[in-house]
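Undergrad: Take this structure first; my questions come after.
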Amino acid sequence: MTVIYAIPVASVNPDDPTVRSLISPDRLELLDRRAGPGRAQSVAATLLLEYAIARRFPFVPHPLAISVAEGGKPHLVAQPGVHFSLSHAGAWAVCAVSDQPVGVDIERREPGRRDIAERFFHKEETRYLNSLVPYRREDAFYSLWVLKEAFVKATGHGLSLPLRSFCVNLRADPPTLSCEEVDRPYSLALVPFPADLAYRLAVCTEGADAEEPLLEILN
């Protein structure tokens, strides 16, 4: 089972001693190097991870010991069977936890960003976007974007797996993908985000026909 937790970034003060006491010193040192909004977003996402792991996997000790694999995917040092993924954008931070490799992505829909598709998406995805009536293109673009980002996070390949090297099919329900670079099956899901309709949220879990993910929004 995959569960996604979401929290408003503004609800977490990155300088609050109580908040900081819940995060390991090594992780805090890394987070404090970030500047601007990214620092508050990253602290909120990390605090959310501590909460999510405690809820779903209470046997894991806290604060969490986190390392980063060669491809850039973070993981728990002592618990290889517990998987997570973090994402943040604008006013929200999200965390997905699962017993299978997982990736999550959230993006705020903003006009004028469809040039990303022409530059980085698979040619079939670009063709699909261009086939839509104009008022549907932006939503489809962001749906593709979060699904593709969630997939590369789940695989652990990160940016070494170019977004144009695989294709997500939005015509299928749920969406499907084709990728010659990865030989394991993955399940994609667009997750409704009722807390803020300006955002699109997606999750990808290793394995075929994964259960529908759950979403919990915290205040």
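Ordering of the structure tokens sets the chain letters (A, B, ...); residue numbers start at 1 within each chain; ligands are numbered from 1 in the order shown.
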Can you tell me which residues surround region 10-25 of chain A at a distance of at most 12 Å, considering only C-alpha atoms, apart from same-chain residues fewer than 6 positions away, and format the answer as a ChimeraX atom specification?

TA: /A:31-32,34-51,54,61-67,90-93,218-219

Undergrad: Write the residues of the preceding selection, restricted to C-alpha atoms, as a compact mmCIF listing (two decimals), in the first residue's frame.

TA:
# COMPACT_ATOMS: atom_id res chain seq x y z
CA LEU A 31 18.73 21.50 4.71
CA ASP A 32 20.21 24.66 6.21
CA ARG A 34 19.46 25.74 1.02
CA ALA A 35 18.39 29.32 0.46
CA GLY A 36 15.10 31.06 -0.12
CA PRO A 37 11.78 29.21 -0.26
CA GLY A 38 13.56 25.92 -0.94
CA ARG A 39 14.79 25.71 2.66
CA ALA A 40 11.31 26.00 4.18
CA GLN A 41 9.90 23.57 1.60
CA SER A 42 12.62 21.00 2.26
CA VAL A 43 12.26 21.23 6.05
CA ALA A 44 8.49 20.79 5.72
CA ALA A 45 8.97 17.74 3.47
CA THR A 46 11.51 16.20 5.87
CA LEU A 47 9.28 16.76 8.90
CA LEU A 48 6.43 15.20 6.93
CA LEU A 49 8.63 12.18 6.23
CA GLU A 50 9.30 11.72 9.94
CA TYR A 51 5.54 11.80 10.57
CA ALA A 54 6.07 6.92 12.26
CA PRO A 61 13.78 4.57 14.92
CA HIS A 62 13.74 8.38 14.79
CA PRO A 63 15.14 10.75 13.82
CA LEU A 64 15.52 8.97 10.50
CA ALA A 65 18.96 8.16 9.14
CA ILE A 66 18.81 9.00 5.43
CA SER A 67 21.37 8.35 2.72
CA GLY A 90 4.98 26.41 -4.09
CA ALA A 91 2.86 26.19 -0.96
CA TRP A 92 2.85 22.39 -0.56
CA ALA A 93 5.17 19.57 0.45
CA LEU A 218 -2.46 17.65 7.14
CA ASN A 219 -3.05 21.14 8.44

Undergrad: Out of region 76-178 of chain A, which residues get strand (DSSP E or B) from DSSP, as a list in words?

TA: Leu76, His83, Phe84, Ser85, Leu86, Ser87, His88, Ala89, Trp92, Ala93, Val94, Cys95, Ala96, Val97, Ser98, Val102, Gly103, Val104, Asp105, Ile106, Glu107, Arg108, Phe166, Cys167, Val168, Asn169, Thr176, Leu177 and Ser178 of chain A

Undergrad: Between A:Leu197, A:Val152, A:Ala202, A:Leu215, which residue has the minimum interatomic distance to Cys179 (chain A), considering only C-alpha atoms?

TA: A:Val152

Undergrad: Find the spatial neighbours of Glu212 (chain A), counting only C-alpha atoms, within a cut-off of 8 Å - ignore same-chain residues fewer than 6 positions away - and output them as JSON, numbers by chain.

TA: {"A": [1, 2, 189]}

Undergrad: Would you kindly return, as a list in words, each protein, DNA or RNA residue with an atom no farther than 8 Å from any atom of Thr155 (chain A), considering only C-alpha atoms and excluding same-chain residues fewer than 6 positions away?

TA: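 Here the qualifying residues turn out to be Pro101, Val102, Gly103, Val182 and Glu206 of chain A.
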
Undergrad: Would you export the selected residues with N, CA, C and O atoms as a tab-separated table (two decimals), in the first residue's frame, please?

TA:
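Result saved to again25.tsv:
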chain	number	residue	atom	x	y	z
A	101	PRO	N	9.34	0.33	-4.01
A	101	PRO	CA	9.92	1.57	-4.51
A	101	PRO	C	8.85	2.51	-5.05
A	101	PRO	O	7.95	2.08	-5.77
A	102	VAL	N	8.96	3.78	-4.71
A	102	VAL	CA	7.88	4.72	-5.01
A	102	VAL	C	8.47	6.08	-5.39
A	102	VAL	O	9.57	6.44	-4.97
A	103	GLY	N	7.73	6.81	-6.20
A	103	GLY	CA	8.10	8.17	-6.55
A	103	GLY	C	6.86	9.04	-6.53
A	103	GLY	O	5.78	8.59	-6.93
A	182	VAL	N	13.97	0.45	-18.75
A	182	VAL	CA	13.61	-0.16	-17.47
A	182	VAL	C	12.82	-1.42	-17.74
A	182	VAL	O	11.82	-1.40	-18.47
A	206	GLU	N	6.53	0.73	-7.92
A	206	GLU	CA	7.03	-0.45	-8.63
A	206	GLU	C	6.04	-1.60	-8.49
A	206	GLU	O	5.51	-1.86	-7.41

Undergrad: From region 42-200 of chain A, collect each residue whose DSSP state is alpha helix (DSSP H) and return the set as a ChimeraX atom specification.

TA: /A:42-56,115-120,123-131,134-155

Undergrad: Under the rule that only C-alpha atoms are counted, which of A:Arg184, A:Arg171, A:Lys148, A:Arg164 is the nearest residue to Val104 (chain A)?

TA: A:Lys148

Undergrad: To one decimal place, how far is CA of Val9 (chain A) from CA of Arg109 (chain A) in Å?

TA: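 Here the two named atoms are 17.2 Å from each other.
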
Undergrad: Got a sec: who's within 9 Å of Leu129 (chain A), counting only C-alpha atoms, leaving out chain neighbours fewer than 6 positions off, as a PDB file with C-alpha atoms, in the first residue's frame?

TA:
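Below is the file that was written, around_27.pdb:
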ATOM      1  CA  ALA A 117       7.112  19.509 -23.477  1.00  0.00           C
ATOM      2  CA  ARG A 136      -7.362  20.801 -22.289  1.00  0.00           C
ATOM      3  CA  ARG A 137      -3.668  21.084 -23.133  1.00  0.00           C
ATOM      4  CA  GLU A 138      -2.426  22.723 -19.947  1.00  0.00           C
ATOM      5  CA  ALA A 140      -2.734  17.294 -19.849  1.00  0.00           C
ATOM      6  CA  PHE A 141       0.750  18.816 -19.891  1.00  0.00           C
TER       7      PHE A 141
END

Undergrad: Within 6 Å of Leu163 (chain A), counting only C-alpha atoms, which residues qualify if same-chain residues fewer than 2 places away don't, as a ChimeraX atom specification?

TA: /A:120-121,165
